[in-house]
Amino acid sequence: VLTSITPTQGNQGATFNVTLTGNDFQSDASATFGVGITTNSTSFVSATQLTANITIAAGAALGSRDATVTNPDGQSVTLNGALLVKGAA
């Protein structure tokens, strides 16, 4: 289960950490945020928390993106509209 992410928005061209909160995360889980957002790394903190370092492309389309966590066993969970891409600061 993926219940929330923090922060919930970012600007085009930005690189920053996102904390993902939920349940049943496994070591080596990965996080993705859709087109125009690169996940540079995903760190396992605990079964209830991951930290992802992401980069939003300078030309990424504005609007909401879904966050998806995939465990190494292939199970995944998506939080719809979790991240809002805003214009460059």
# chains A, B, ... in the order shown; residues from 1 in each chain; ligands from 1

call {"tool": "residues_around", "arguments": {"residues": "Ile56 of chain A", "least_positions_apart": "5", "cutoff": "9 Å", "atoms": "only C-alpha atoms", "output": "list in words"}}
result
Gly10, Asn11, Gln12, Gly13, Ala14, Thr15, Phe16, Gly36, Ile37, Thr38, Thr39 and Val85 of chain A

call {"tool": "write_last_selection", "arguments": {"atoms": "N, CA, C and O atoms", "output": "compact mmCIF listing (two decimals), in the first residue's frame"}}
result
# COMPACT_ATOMS: atom_id res chain seq x y z
N GLY A 10 6.76 19.48 -7.55
CA GLY A 10 8.13 19.85 -7.90
C GLY A 10 8.13 20.62 -9.20
O GLY A 10 7.17 20.56 -9.98
N ASN A 11 9.22 21.36 -9.42
CA ASN A 11 9.33 22.20 -10.60
C ASN A 11 10.11 21.51 -11.72
O ASN A 11 10.99 20.70 -11.46
N GLN A 12 9.77 21.88 -12.96
CA GLN A 12 10.54 21.41 -14.11
C GLN A 12 12.01 21.73 -13.88
O GLN A 12 12.36 22.80 -13.38
N GLY A 13 12.89 20.78 -14.22
CA GLY A 13 14.32 20.98 -14.09
C GLY A 13 14.89 20.72 -12.71
O GLY A 13 16.10 20.82 -12.51
N ALA A 14 14.05 20.36 -11.74
CA ALA A 14 14.51 20.18 -10.36
C ALA A 14 14.91 18.73 -10.08
O ALA A 14 14.35 17.79 -10.65
N THR A 15 15.89 18.58 -9.20
CA THR A 15 16.29 17.28 -8.66
C THR A 15 16.11 17.35 -7.15
O THR A 15 16.59 18.28 -6.51
N PHE A 16 15.40 16.37 -6.57
CA PHE A 16 15.13 16.41 -5.13
C PHE A 16 14.73 15.02 -4.64
O PHE A 16 14.47 14.11 -5.42
N GLY A 36 8.82 11.88 -18.17
CA GLY A 36 9.45 13.16 -17.88
C GLY A 36 10.09 13.25 -16.51
O GLY A 36 10.65 14.28 -16.16
N ILE A 37 9.99 12.17 -15.74
CA ILE A 37 10.59 12.15 -14.40
C ILE A 37 11.51 10.94 -14.31
O ILE A 37 11.08 9.80 -14.51
N THR A 38 12.79 11.20 -14.02
CA THR A 38 13.78 10.14 -13.89
C THR A 38 13.99 9.84 -12.41
O THR A 38 14.22 10.76 -11.62
N THR A 39 13.91 8.57 -12.05
CA THR A 39 14.25 8.16 -10.69
C THR A 39 15.74 7.81 -10.68
O THR A 39 16.17 6.84 -11.30
N VAL A 85 3.70 18.33 -11.24
CA VAL A 85 4.82 18.98 -11.92
C VAL A 85 4.39 20.42 -12.23
O VAL A 85 3.38 20.65 -12.89

call {"tool": "residues_around", "arguments": {"residues": "segment 41-43 of chain A", "least_positions_apart": "6", "cutoff": "7 Å", "atoms": "only C-alpha atoms", "output": "list in words"}}
result
Ser30, Ala31, Leu50, Thr51, Ala52 and Asn53 of chain A

call {"tool": "select_by_dssp", "arguments": {"residues": "chain A", "states": "strand (DSSP E or B)", "output": "CSV table (one decimal) with all heavy atoms, in the first residue's frame"}}
result
chain,number,residue,atom,x,y,z
A,2,LEU,N,0.6,2.2,-0.9
A,2,LEU,CA,1.3,3.5,-0.9
A,2,LEU,C,0.3,4.5,-0.5
A,2,LEU,O,-0.7,4.7,-1.2
A,2,LEU,CB,1.8,3.7,-2.3
A,2,LEU,CG,2.5,5.1,-2.6
A,2,LEU,CD1,3.7,5.2,-1.7
A,2,LEU,CD2,3.0,5.2,-4.0
A,3,THR,N,0.5,5.2,0.6
A,3,THR,CA,-0.5,6.1,1.2
A,3,THR,C,-0.2,7.6,0.9
A,3,THR,O,-1.1,8.4,0.8
A,3,THR,CB,-0.6,5.9,2.7
A,3,THR,OG1,0.7,6.0,3.3
A,3,THR,CG2,-1.2,4.5,3.0
A,4,SER,N,1.1,7.9,0.8
A,4,SER,CA,1.4,9.3,0.6
A,4,SER,C,2.9,9.5,0.1
A,4,SER,O,3.7,8.6,0.3
A,4,SER,CB,1.2,10.2,1.9
A,4,SER,OG,2.2,9.8,2.9
A,5,ILE,N,3.1,10.7,-0.5
A,5,ILE,CA,4.5,11.1,-0.8
A,5,ILE,C,4.7,12.5,-0.3
A,5,ILE,O,3.7,13.3,-0.1
A,5,ILE,CB,4.8,11.0,-2.3
A,5,ILE,CG1,4.1,12.1,-3.1
A,5,ILE,CG2,4.5,9.6,-2.8
A,5,ILE,CD1,4.7,12.2,-4.5
A,6,THR,N,6.0,12.8,0.0
A,6,THR,CA,6.3,14.2,0.4
A,6,THR,C,7.6,14.6,-0.2
A,6,THR,O,8.6,13.8,-0.1
A,6,THR,CB,6.5,14.3,2.0
A,6,THR,OG1,5.3,13.8,2.6
A,6,THR,CG2,6.7,15.7,2.4
A,9,GLN,N,4.8,18.1,-4.8
A,9,GLN,CA,5.0,18.9,-6.1
A,9,GLN,C,6.4,19.2,-6.3
A,9,GLN,O,7.2,19.2,-5.4
A,9,GLN,CB,4.1,20.2,-6.0
A,9,GLN,CG,4.5,21.1,-4.9
A,9,GLN,CD,3.5,22.3,-4.8
A,9,GLN,OE1,2.5,22.3,-5.5
A,9,GLN,NE2,3.9,23.3,-4.0
A,10,GLY,N,6.8,19.5,-7.5
A,10,GLY,CA,8.1,19.8,-7.9
A,10,GLY,C,8.1,20.6,-9.2
A,10,GLY,O,7.2,20.6,-10.0
A,11,ASN,N,9.2,21.4,-9.4
A,11,ASN,CA,9.3,22.2,-10.6
A,11,ASN,C,10.1,21.5,-11.7
A,11,ASN,O,11.0,20.7,-11.5
A,11,ASN,CB,10.0,23.5,-10.2
A,11,ASN,CG,9.3,24.3,-9.2
A,11,ASN,OD1,9.4,24.2,-8.0
A,11,ASN,ND2,8.4,25.2,-9.7
A,15,THR,N,15.9,18.6,-9.2
A,15,THR,CA,16.3,17.3,-8.7
A,15,THR,C,16.1,17.3,-7.1
A,15,THR,O,16.6,18.3,-6.5
A,15,THR,CB,17.7,16.9,-9.0
A,15,THR,OG1,17.9,16.9,-10.4
A,15,THR,CG2,18.2,15.6,-8.4
A,16,PHE,N,15.4,16.4,-6.6
A,16,PHE,CA,15.1,16.4,-5.1
A,16,PHE,C,14.7,15.0,-4.6
A,16,PHE,O,14.5,14.1,-5.4
A,16,PHE,CB,14.0,17.4,-4.8
A,16,PHE,CG,12.7,17.2,-5.5
A,16,PHE,CD1,11.7,16.6,-5.0
A,16,PHE,CD2,12.6,17.7,-6.8
A,16,PHE,CE1,10.5,16.4,-5.6
A,16,PHE,CE2,11.4,17.5,-7.5
A,16,PHE,CZ,10.3,16.9,-6.9
A,17,ASN,N,14.7,14.9,-3.3
A,17,ASN,CA,14.3,13.6,-2.7
A,17,ASN,C,12.8,13.6,-2.4
A,17,ASN,O,12.2,14.7,-2.0
A,17,ASN,CB,15.0,13.4,-1.4
A,17,ASN,CG,16.5,13.1,-1.6
A,17,ASN,OD1,16.8,12.5,-2.6
A,17,ASN,ND2,17.3,13.4,-0.6
A,18,VAL,N,12.2,12.5,-2.6
A,18,VAL,CA,10.8,12.3,-2.3
A,18,VAL,C,10.7,11.1,-1.3
A,18,VAL,O,11.3,10.1,-1.5
A,18,VAL,CB,10.0,11.9,-3.6
A,18,VAL,CG1,8.5,11.6,-3.2
A,18,VAL,CG2,10.0,13.0,-4.6
A,19,THR,N,9.9,11.4,-0.2
A,19,THR,CA,9.7,10.3,0.8
A,19,THR,C,8.3,9.7,0.5
A,19,THR,O,7.3,10.3,0.3
A,19,THR,CB,9.6,10.9,2.2
A,19,THR,OG1,10.9,11.5,2.5
A,19,THR,CG2,9.3,9.8,3.2
A,20,LEU,N,8.4,8.3,0.3
A,20,LEU,CA,7.2,7.6,0.0
A,20,LEU,C,6.8,6.8,1.3
A,20,LEU,O,7.6,6.1,1.9
A,20,LEU,CB,7.4,6.6,-1.2
A,20,LEU,CG,7.8,7.3,-2.5
A,20,LEU,CD1,9.3,7.2,-2.7
A,20,LEU,CD2,7.1,6.7,-3.6
A,21,THR,N,5.5,6.9,1.7
A,21,THR,CA,5.1,6.2,2.9
A,21,THR,C,3.9,5.2,2.6
A,21,THR,O,3.1,5.5,1.7
A,21,THR,CB,4.5,7.3,3.9
A,21,THR,OG1,5.6,8.2,4.1
A,21,THR,CG2,4.1,6.7,5.2
A,22,GLY,N,4.0,4.1,3.2
A,22,GLY,CA,3.0,3.1,3.0
A,22,GLY,C,3.2,1.8,3.8
A,22,GLY,O,3.7,2.0,4.9
A,30,SER,N,11.5,-0.3,-6.0
A,30,SER,CA,11.8,0.8,-6.9
A,30,SER,C,10.6,1.7,-6.9
A,30,SER,O,9.5,1.2,-6.8
A,30,SER,CB,12.2,0.3,-8.2
A,30,SER,OG,11.2,-0.4,-8.9
A,31,ALA,N,10.9,3.0,-7.2
A,31,ALA,CA,9.8,4.0,-7.3
A,31,ALA,C,9.9,4.6,-8.7
A,31,ALA,O,10.9,4.9,-9.2
A,31,ALA,CB,9.9,5.0,-6.2
A,32,THR,N,8.7,4.8,-9.3
A,32,THR,CA,8.7,5.5,-10.6
A,32,THR,C,7.5,6.6,-10.5
A,32,THR,O,6.6,6.4,-9.8
A,32,THR,CB,8.4,4.6,-11.8
A,32,THR,OG1,7.2,3.8,-11.5
A,32,THR,CG2,9.6,3.6,-12.0
A,37,ILE,N,10.0,12.2,-15.7
A,37,ILE,CA,10.6,12.2,-14.4
A,37,ILE,C,11.5,10.9,-14.3
A,37,ILE,O,11.1,9.8,-14.5
A,37,ILE,CB,9.5,12.1,-13.3
A,37,ILE,CG1,8.6,13.3,-13.4
A,37,ILE,CG2,10.2,12.0,-11.9
A,37,ILE,CD1,7.5,13.4,-12.4
A,38,THR,N,12.8,11.2,-14.0
A,38,THR,CA,13.8,10.1,-13.9
A,38,THR,C,14.0,9.8,-12.4
A,38,THR,O,14.2,10.8,-11.6
A,38,THR,CB,15.1,10.6,-14.5
A,38,THR,OG1,14.9,10.9,-15.9
A,38,THR,CG2,16.2,9.5,-14.4
A,39,THR,N,13.9,8.6,-12.0
A,39,THR,CA,14.3,8.2,-10.7
A,39,THR,C,15.7,7.8,-10.7
A,39,THR,O,16.2,6.8,-11.3
A,39,THR,CB,13.4,6.9,-10.2
A,39,THR,OG1,12.0,7.3,-10.3
A,39,THR,CG2,13.7,6.5,-8.8
A,40,ASN,N,16.5,8.6,-10.0
A,40,ASN,CA,18.0,8.4,-9.9
A,40,ASN,C,18.3,7.3,-9.0
A,40,ASN,O,19.3,6.6,-9.2
A,40,ASN,CB,18.6,9.7,-9.5
A,40,ASN,CG,18.3,10.9,-10.5
A,40,ASN,OD1,18.5,10.8,-11.7
A,40,ASN,ND2,17.8,12.0,-9.9
A,41,SER,N,17.6,7.2,-7.9
A,41,SER,CA,17.8,6.1,-6.9
A,41,SER,C,16.6,6.0,-6.0
A,41,SER,O,15.8,6.9,-5.9
A,41,SER,CB,19.0,6.5,-6.0
A,41,SER,OG,18.8,7.6,-5.2
A,42,THR,N,16.4,4.8,-5.5
A,42,THR,CA,15.4,4.5,-4.5
A,42,THR,C,16.1,3.8,-3.3
A,42,THR,O,16.7,2.8,-3.5
A,42,THR,CB,14.3,3.6,-5.1
A,42,THR,OG1,13.7,4.2,-6.2
A,42,THR,CG2,13.2,3.4,-4.0
A,43,SER,N,15.9,4.4,-2.1
A,43,SER,CA,16.5,3.8,-0.9
A,43,SER,C,15.5,3.3,0.0
A,43,SER,O,14.5,3.9,0.3
A,43,SER,CB,17.3,4.9,-0.2
A,43,SER,OG,18.3,5.5,-1.0
A,44,PHE,N,15.7,2.0,0.4
A,44,PHE,CA,14.8,1.4,1.4
A,44,PHE,C,15.1,1.9,2.8
A,44,PHE,O,16.3,1.8,3.2
A,44,PHE,CB,15.0,-0.1,1.3
A,44,PHE,CG,14.2,-0.9,2.3
A,44,PHE,CD1,12.9,-1.2,2.1
A,44,PHE,CD2,14.8,-1.4,3.5
A,44,PHE,CE1,12.1,-2.0,3.0
A,44,PHE,CE2,14.1,-2.1,4.4
A,44,PHE,CZ,12.7,-2.4,4.2
A,45,VAL,N,14.2,2.5,3.4
A,45,VAL,CA,14.3,3.0,4.8
A,45,VAL,C,13.8,2.0,5.8
A,45,VAL,O,14.4,1.6,6.8
A,45,VAL,CB,13.7,4.4,5.0
A,45,VAL,CG1,13.8,4.9,6.4
A,45,VAL,CG2,14.3,5.4,4.0
A,46,SER,N,12.5,1.6,5.5
A,46,SER,CA,11.8,0.6,6.3
A,46,SER,C,10.7,0.0,5.5
A,46,SER,O,10.5,0.4,4.4
A,46,SER,CB,11.3,1.2,7.6
A,46,SER,OG,10.2,2.1,7.3
A,49,GLN,N,8.6,3.0,4.6
A,49,GLN,CA,9.2,4.2,4.0
A,49,GLN,C,10.3,3.9,3.0
A,49,GLN,O,11.2,3.1,3.3
A,49,GLN,CB,9.7,5.1,5.1
A,49,GLN,CG,10.1,6.5,4.6
A,49,GLN,CD,10.5,7.4,5.8
A,49,GLN,OE1,9.8,7.5,6.8
A,49,GLN,NE2,11.6,8.1,5.7
A,50,LEU,N,10.2,4.7,1.9
A,50,LEU,CA,11.3,4.7,0.9
A,50,LEU,C,11.6,6.1,0.7
A,50,LEU,O,10.8,7.0,0.8
A,50,LEU,CB,10.8,4.1,-0.4
A,50,LEU,CG,10.3,2.6,-0.4
A,50,LEU,CD1,9.7,2.3,-1.8
A,50,LEU,CD2,11.4,1.7,-0.1
A,51,THR,N,12.9,6.4,0.2
A,51,THR,CA,13.3,7.7,-0.3
A,51,THR,C,13.7,7.6,-1.7
A,51,THR,O,14.6,6.7,-2.0
A,51,THR,CB,14.4,8.3,0.6
A,51,THR,OG1,14.0,8.3,1.9
A,51,THR,CG2,14.8,9.6,0.1
A,52,ALA,N,13.2,8.3,-2.6
A,52,ALA,CA,13.6,8.3,-4.0
A,52,ALA,C,14.2,9.7,-4.3
A,52,ALA,O,13.6,10.7,-3.9
A,52,ALA,CB,12.4,8.1,-4.9
A,53,ASN,N,15.3,9.7,-5.1
A,53,ASN,CA,15.9,10.9,-5.6
A,53,ASN,C,15.4,11.0,-7.0
A,53,ASN,O,15.7,10.0,-7.8
A,53,ASN,CB,17.4,10.9,-5.5
A,53,ASN,CG,18.0,12.1,-6.0
A,53,ASN,OD1,18.4,12.2,-7.2
A,53,ASN,ND2,18.1,13.2,-5.2
A,54,ILE,N,14.7,12.0,-7.4
A,54,ILE,CA,14.2,12.2,-8.7
A,54,ILE,C,14.6,13.5,-9.4
A,54,ILE,O,15.0,14.4,-8.7
A,54,ILE,CB,12.6,12.1,-8.7
A,54,ILE,CG1,12.0,13.3,-8.0
A,54,ILE,CG2,12.2,10.8,-8.1
A,54,ILE,CD1,10.5,13.4,-8.2
A,55,THR,N,14.6,13.4,-10.7
A,55,THR,CA,14.8,14.6,-11.5
A,55,THR,C,13.6,14.8,-12.5
A,55,THR,O,13.3,13.9,-13.2
A,55,THR,CB,16.1,14.5,-12.4
A,55,THR,OG1,17.2,14.3,-11.5
A,55,THR,CG2,16.3,15.7,-13.2
A,56,ILE,N,13.0,16.0,-12.4
A,56,ILE,CA,12.0,16.3,-13.4
A,56,ILE,C,12.6,17.0,-14.6
A,56,ILE,O,13.3,18.0,-14.4
A,56,ILE,CB,10.9,17.3,-12.7
A,56,ILE,CG1,10.3,16.6,-11.5
A,56,ILE,CG2,9.8,17.7,-13.7
A,56,ILE,CD1,9.4,17.5,-10.7
A,63,GLY,N,1.5,19.1,-14.8
A,63,GLY,CA,0.3,18.4,-14.3
A,63,GLY,C,0.7,17.3,-13.4
A,63,GLY,O,1.8,17.1,-13.0
A,64,SER,N,-0.3,16.5,-13.0
A,64,SER,CA,-0.2,15.4,-12.0
A,64,SER,C,0.5,14.2,-12.6
A,64,SER,O,0.2,13.8,-13.8
A,64,SER,CB,-1.5,15.1,-11.4
A,64,SER,OG,-2.0,16.2,-10.7
A,65,ARG,N,1.2,13.5,-11.8
A,65,ARG,CA,1.8,12.2,-12.1
A,65,ARG,C,1.5,11.2,-11.0
A,65,ARG,O,1.4,11.5,-9.9
A,65,ARG,CB,3.4,12.3,-12.2
A,65,ARG,CG,3.9,13.2,-13.2
A,65,ARG,CD,3.6,12.7,-14.6
A,65,ARG,NE,4.4,13.4,-15.6
A,65,ARG,CZ,4.2,14.7,-15.9
A,65,ARG,NH1,3.3,15.4,-15.4
A,65,ARG,NH2,5.0,15.3,-16.9
A,66,ASP,N,1.4,9.9,-11.4
A,66,ASP,CA,1.2,8.8,-10.5
A,66,ASP,C,2.5,8.4,-10.0
A,66,ASP,O,3.5,8.4,-10.7
A,66,ASP,CB,0.5,7.7,-11.2
A,66,ASP,CG,-0.9,8.0,-11.7
A,66,ASP,OD1,-1.5,9.0,-11.3
A,66,ASP,OD2,-1.4,7.2,-12.6
A,67,ALA,N,2.5,8.0,-8.7
A,67,ALA,CA,3.7,7.4,-8.1
A,67,ALA,C,3.5,5.9,-8.0
A,67,ALA,O,2.4,5.5,-7.5
A,67,ALA,CB,4.0,8.0,-6.7
A,68,THR,N,4.5,5.1,-8.4
A,68,THR,CA,4.3,3.6,-8.3
A,68,THR,C,5.5,3.1,-7.6
A,68,THR,O,6.7,3.4,-7.9
A,68,THR,CB,4.2,3.0,-9.7
A,68,THR,OG1,3.1,3.6,-10.4
A,68,THR,CG2,4.1,1.5,-9.7
A,69,VAL,N,5.3,2.2,-6.7
A,69,VAL,CA,6.3,1.4,-6.0
A,69,VAL,C,6.2,0.0,-6.4
A,69,VAL,O,5.1,-0.6,-6.4
A,69,VAL,CB,6.2,1.5,-4.4
A,69,VAL,CG1,7.2,0.6,-3.8
A,69,VAL,CG2,6.5,3.0,-4.0
A,70,THR,N,7.3,-0.6,-6.9
A,70,THR,CA,7.4,-2.0,-7.3
A,70,THR,C,8.4,-2.7,-6.4
A,70,THR,O,9.5,-2.4,-6.3
A,70,THR,CB,7.8,-2.1,-8.8
A,70,THR,OG1,6.9,-1.4,-9.6
A,70,THR,CG2,7.7,-3.6,-9.2
A,76,SER,N,3.2,-4.4,-7.2
A,76,SER,CA,3.4,-3.0,-7.2
A,76,SER,C,2.1,-2.3,-6.7
A,76,SER,O,1.0,-2.9,-6.7
A,76,SER,CB,3.7,-2.5,-8.7
A,76,SER,OG,2.6,-2.8,-9.5
A,77,VAL,N,2.2,-1.0,-6.4
A,77,VAL,CA,1.1,-0.2,-5.9
A,77,VAL,C,1.3,1.2,-6.5
A,77,VAL,O,2.4,1.7,-6.6
A,77,VAL,CB,1.0,-0.3,-4.4
A,77,VAL,CG1,2.2,0.3,-3.7
A,77,VAL,CG2,-0.3,0.4,-3.9
A,78,THR,N,0.2,1.8,-6.8
A,78,THR,CA,0.2,3.1,-7.4
A,78,THR,C,-0.7,4.1,-6.6
A,78,THR,O,-1.8,3.7,-6.2
A,78,THR,CB,-0.3,3.1,-8.9
A,78,THR,OG1,0.6,2.2,-9.6
A,78,THR,CG2,-0.3,4.5,-9.5
A,79,LEU,N,-0.1,5.3,-6.4
A,79,LEU,CA,-0.9,6.4,-5.8
A,79,LEU,C,-1.2,7.4,-6.9
A,79,LEU,O,-0.3,8.1,-7.4
A,79,LEU,CB,-0.1,7.0,-4.7
A,79,LEU,CG,-0.8,8.1,-3.9
A,79,LEU,CD1,-2.1,7.6,-3.3
A,79,LEU,CD2,0.1,8.7,-2.9
A,80,ASN,N,-2.4,7.4,-7.4
A,80,ASN,CA,-2.8,8.3,-8.5
A,80,ASN,C,-2.7,9.8,-8.2
A,80,ASN,O,-3.1,10.2,-7.1
A,80,ASN,CB,-4.2,8.0,-9.0
A,80,ASN,CG,-4.3,6.6,-9.6
A,80,ASN,OD1,-3.4,6.1,-10.2
A,80,ASN,ND2,-5.5,6.0,-9.4
A,81,GLY,N,-2.1,10.5,-9.1
A,81,GLY,CA,-2.0,12.0,-8.9
A,81,GLY,C,-1.2,12.4,-7.8
A,81,GLY,O,-1.4,13.5,-7.2
A,82,ALA,N,-0.2,11.6,-7.4
A,82,ALA,CA,0.6,11.9,-6.2
A,82,ALA,C,1.6,13.1,-6.3
A,82,ALA,O,1.8,13.8,-5.4
A,82,ALA,CB,1.5,10.6,-5.9
A,83,LEU,N,2.1,13.3,-7.5
A,83,LEU,CA,3.1,14.4,-7.7
A,83,LEU,C,2.6,15.4,-8.7
A,83,LEU,O,2.3,15.0,-9.9
A,83,LEU,CB,4.4,13.8,-8.1
A,83,LEU,CG,5.6,14.8,-8.3
A,83,LEU,CD1,6.0,15.3,-6.9
A,83,LEU,CD2,6.8,14.1,-8.9
A,84,LEU,N,2.7,16.7,-8.4
A,84,LEU,CA,2.3,17.7,-9.3
A,84,LEU,C,3.6,18.4,-9.9
A,84,LEU,O,4.4,18.9,-9.2
A,84,LEU,CB,1.5,18.8,-8.6
A,84,LEU,CG,1.0,20.0,-9.5
A,84,LEU,CD1,0.1,19.6,-10.6
A,84,LEU,CD2,0.4,21.0,-8.6
A,85,VAL,N,3.7,18.3,-11.2
A,85,VAL,CA,4.8,19.0,-11.9
A,85,VAL,C,4.4,20.4,-12.2
A,85,VAL,O,3.4,20.7,-12.9
A,85,VAL,CB,5.2,18.2,-13.2
A,85,VAL,CG1,6.3,19.0,-14.0
A,85,VAL,CG2,5.7,16.8,-12.9
A,86,LYS,N,5.2,21.4,-11.7
A,86,LYS,CA,4.9,22.8,-11.9
A,86,LYS,C,6.0,23.4,-12.9
A,86,LYS,O,7.0,22.8,-13.1
A,86,LYS,CB,4.9,23.5,-10.6
A,86,LYS,CG,3.8,23.0,-9.6
A,86,LYS,CD,4.0,23.6,-8.3
A,86,LYS,CE,3.9,25.1,-8.3
A,86,LYS,NZ,3.9,25.7,-6.9
